[in-house]
Amino acid sequence: MKVYRKLIINALVVLGVIGYILISINNLNHDMKDERARRLKVSVENAAVTCFAIEGFYPDSLDYLVDNYHIVYDPKEYHVFYETKGANFKPRVEVIGRSYEKE
């Protein structure tokens with residue numbers, strides 16, 4: 001009986017360690033995706049400011065920055081919201097990661 005009890009306790013400890021590792025990996029993946037979204041936002045904002053400094057206006061669309069200032073991102077991975085109120089006002093940029101659903 002004591003042998004089974006030790007075996008069960010060891011199995012539970014191993015399962016607990018494996019669960020902890022899996023949760024840590026999942027959290028790391030979320031943190032990395034958040035960091036990539038933050039970097040994309042900063043890149044879009046910097047490209048808009050560079051455009052304003054060089055050309056004298058903020059672009060009216062994200063497409064202009066993609067075409068002329070080499071912003072590269074995966075639209076399947078991120079929603080990029082680019083809102084401008086005029087050529088002389090800094091645009092508002094929001095980047096939101098998309099969640100993946102397996103089909």
# chains A, B, ... in the order shown; residues from 1 in each chain; ligands from 1
call {"tool": "residues_around", "arguments": {"residues": "range 58-68 of chain A", "least_positions_apart": "6", "cutoff": "12 Å", "atoms": "only C-alpha atoms", "output": "ChimeraX atom specification"}}
result
/A:40-41,43-52,74-75,79-95
call {"tool": "atom_distance", "arguments": {"atom1": "CA of Ala37 in chain A", "atom2": "CA of Ile96 in chain A"}}
result
6.7 Å
call {"tool": "decode", "arguments": {"residues": "range 20-42 of chain A", "atoms": "N, CA, C and O atoms", "output": "JSON list (two decimals), in the first residue's frame"}}
result
[["chain", "number", "residue", "atom", "x", "y", "z"],
["A", 20, "TYR", "N", 3.10, 23.28, -14.72],
["A", 20, "TYR", "CA", 3.75, 24.57, -14.49],
["A", 20, "TYR", "C", 4.56, 25.00, -15.71],
["A", 20, "TYR", "O", 4.53, 26.16, -16.12],
["A", 21, "ILE", "N", 5.30, 24.06, -16.28],
["A", 21, "ILE", "CA", 6.11, 24.36, -17.47],
["A", 21, "ILE", "C", 5.22, 24.76, -18.64],
["A", 21, "ILE", "O", 5.51, 25.74, -19.34],
["A", 22, "LEU", "N", 4.13, 24.05, -18.87],
["A", 22, "LEU", "CA", 3.23, 24.37, -19.97],
["A", 22, "LEU", "C", 2.59, 25.75, -19.78],
["A", 22, "LEU", "O", 2.47, 26.52, -20.74],
["A", 23, "ILE", "N", 2.19, 26.07, -18.58],
["A", 23, "ILE", "CA", 1.60, 27.39, -18.31],
["A", 23, "ILE", "C", 2.64, 28.49, -18.52],
["A", 23, "ILE", "O", 2.35, 29.53, -19.09],
["A", 24, "SER", "N", 3.88, 28.24, -18.10],
["A", 24, "SER", "CA", 4.95, 29.23, -18.29],
["A", 24, "SER", "C", 5.22, 29.47, -19.78],
["A", 24, "SER", "O", 5.41, 30.61, -20.20],
["A", 25, "ILE", "N", 5.23, 28.41, -20.58],
["A", 25, "ILE", "CA", 5.45, 28.56, -22.02],
["A", 25, "ILE", "C", 4.31, 29.35, -22.65],
["A", 25, "ILE", "O", 4.54, 30.22, -23.48],
["A", 26, "ASN", "N", 3.09, 29.07, -22.24],
["A", 26, "ASN", "CA", 1.93, 29.80, -22.77],
["A", 26, "ASN", "C", 2.02, 31.28, -22.43],
["A", 26, "ASN", "O", 1.77, 32.15, -23.28],
["A", 27, "ASN", "N", 2.39, 31.61, -21.20],
["A", 27, "ASN", "CA", 2.54, 33.01, -20.80],
["A", 27, "ASN", "C", 3.65, 33.70, -21.57],
["A", 27, "ASN", "O", 3.53, 34.86, -21.95],
["A", 28, "LEU", "N", 4.73, 32.99, -21.83],
["A", 28, "LEU", "CA", 5.84, 33.54, -22.60],
["A", 28, "LEU", "C", 5.40, 33.86, -24.02],
["A", 28, "LEU", "O", 5.74, 34.91, -24.56],
["A", 29, "ASN", "N", 4.61, 32.98, -24.63],
["A", 29, "ASN", "CA", 4.11, 33.22, -25.98],
["A", 29, "ASN", "C", 3.24, 34.47, -26.02],
["A", 29, "ASN", "O", 3.33, 35.28, -26.95],
["A", 30, "HIS", "N", 2.37, 34.65, -25.02],
["A", 30, "HIS", "CA", 1.52, 35.85, -24.96],
["A", 30, "HIS", "C", 2.36, 37.11, -24.79],
["A", 30, "HIS", "O", 2.10, 38.13, -25.42],
["A", 31, "ASP", "N", 3.38, 37.03, -23.94],
["A", 31, "ASP", "CA", 4.25, 38.19, -23.72],
["A", 31, "ASP", "C", 5.00, 38.56, -24.99],
["A", 31, "ASP", "O", 5.15, 39.75, -25.32],
["A", 32, "MET", "N", 5.46, 37.56, -25.73],
["A", 32, "MET", "CA", 6.18, 37.83, -26.97],
["A", 32, "MET", "C", 5.25, 38.46, -28.01],
["A", 32, "MET", "O", 5.65, 39.37, -28.73],
["A", 33, "LYS", "N", 4.02, 37.99, -28.09],
["A", 33, "LYS", "CA", 3.07, 38.57, -29.04],
["A", 33, "LYS", "C", 2.74, 40.01, -28.66],
["A", 33, "LYS", "O", 2.65, 40.88, -29.53],
["A", 34, "ASP", "N", 2.58, 40.28, -27.38],
["A", 34, "ASP", "CA", 2.34, 41.65, -26.92],
["A", 34, "ASP", "C", 3.52, 42.56, -27.26],
["A", 34, "ASP", "O", 3.32, 43.71, -27.67],
["A", 35, "GLU", "N", 4.73, 42.05, -27.12],
["A", 35, "GLU", "CA", 5.91, 42.85, -27.42],
["A", 35, "GLU", "C", 6.00, 43.14, -28.92],
["A", 35, "GLU", "O", 6.34, 44.25, -29.33],
["A", 36, "ARG", "N", 5.68, 42.16, -29.76],
["A", 36, "ARG", "CA", 5.69, 42.39, -31.20],
["A", 36, "ARG", "C", 4.64, 43.42, -31.59],
["A", 36, "ARG", "O", 4.88, 44.27, -32.46],
["A", 37, "ALA", "N", 3.47, 43.38, -30.95],
["A", 37, "ALA", "CA", 2.42, 44.37, -31.23],
["A", 37, "ALA", "C", 2.89, 45.76, -30.81],
["A", 37, "ALA", "O", 2.66, 46.74, -31.53],
["A", 38, "ARG", "N", 3.56, 45.86, -29.69],
["A", 38, "ARG", "CA", 4.07, 47.16, -29.22],
["A", 38, "ARG", "C", 5.11, 47.70, -30.19],
["A", 38, "ARG", "O", 5.11, 48.88, -30.55],
["A", 39, "ARG", "N", 5.99, 46.83, -30.67],
["A", 39, "ARG", "CA", 7.03, 47.26, -31.62],
["A", 39, "ARG", "C", 6.42, 47.70, -32.95],
["A", 39, "ARG", "O", 6.89, 48.65, -33.56],
["A", 40, "LEU", "N", 5.38, 47.00, -33.39],
["A", 40, "LEU", "CA", 4.71, 47.40, -34.63],
["A", 40, "LEU", "C", 4.08, 48.77, -34.47],
["A", 40, "LEU", "O", 4.19, 49.62, -35.36],
["A", 41, "LYS", "N", 3.45, 49.02, -33.33],
["A", 41, "LYS", "CA", 2.84, 50.33, -33.08],
["A", 41, "LYS", "C", 3.90, 51.43, -33.12],
["A", 41, "LYS", "O", 3.71, 52.47, -33.75],
["A", 42, "VAL", "N", 5.02, 51.20, -32.46],
["A", 42, "VAL", "CA", 6.10, 52.18, -32.44],
["A", 42, "VAL", "C", 6.65, 52.40, -33.86],
["A", 42, "VAL", "O", 6.92, 53.54, -34.25]]
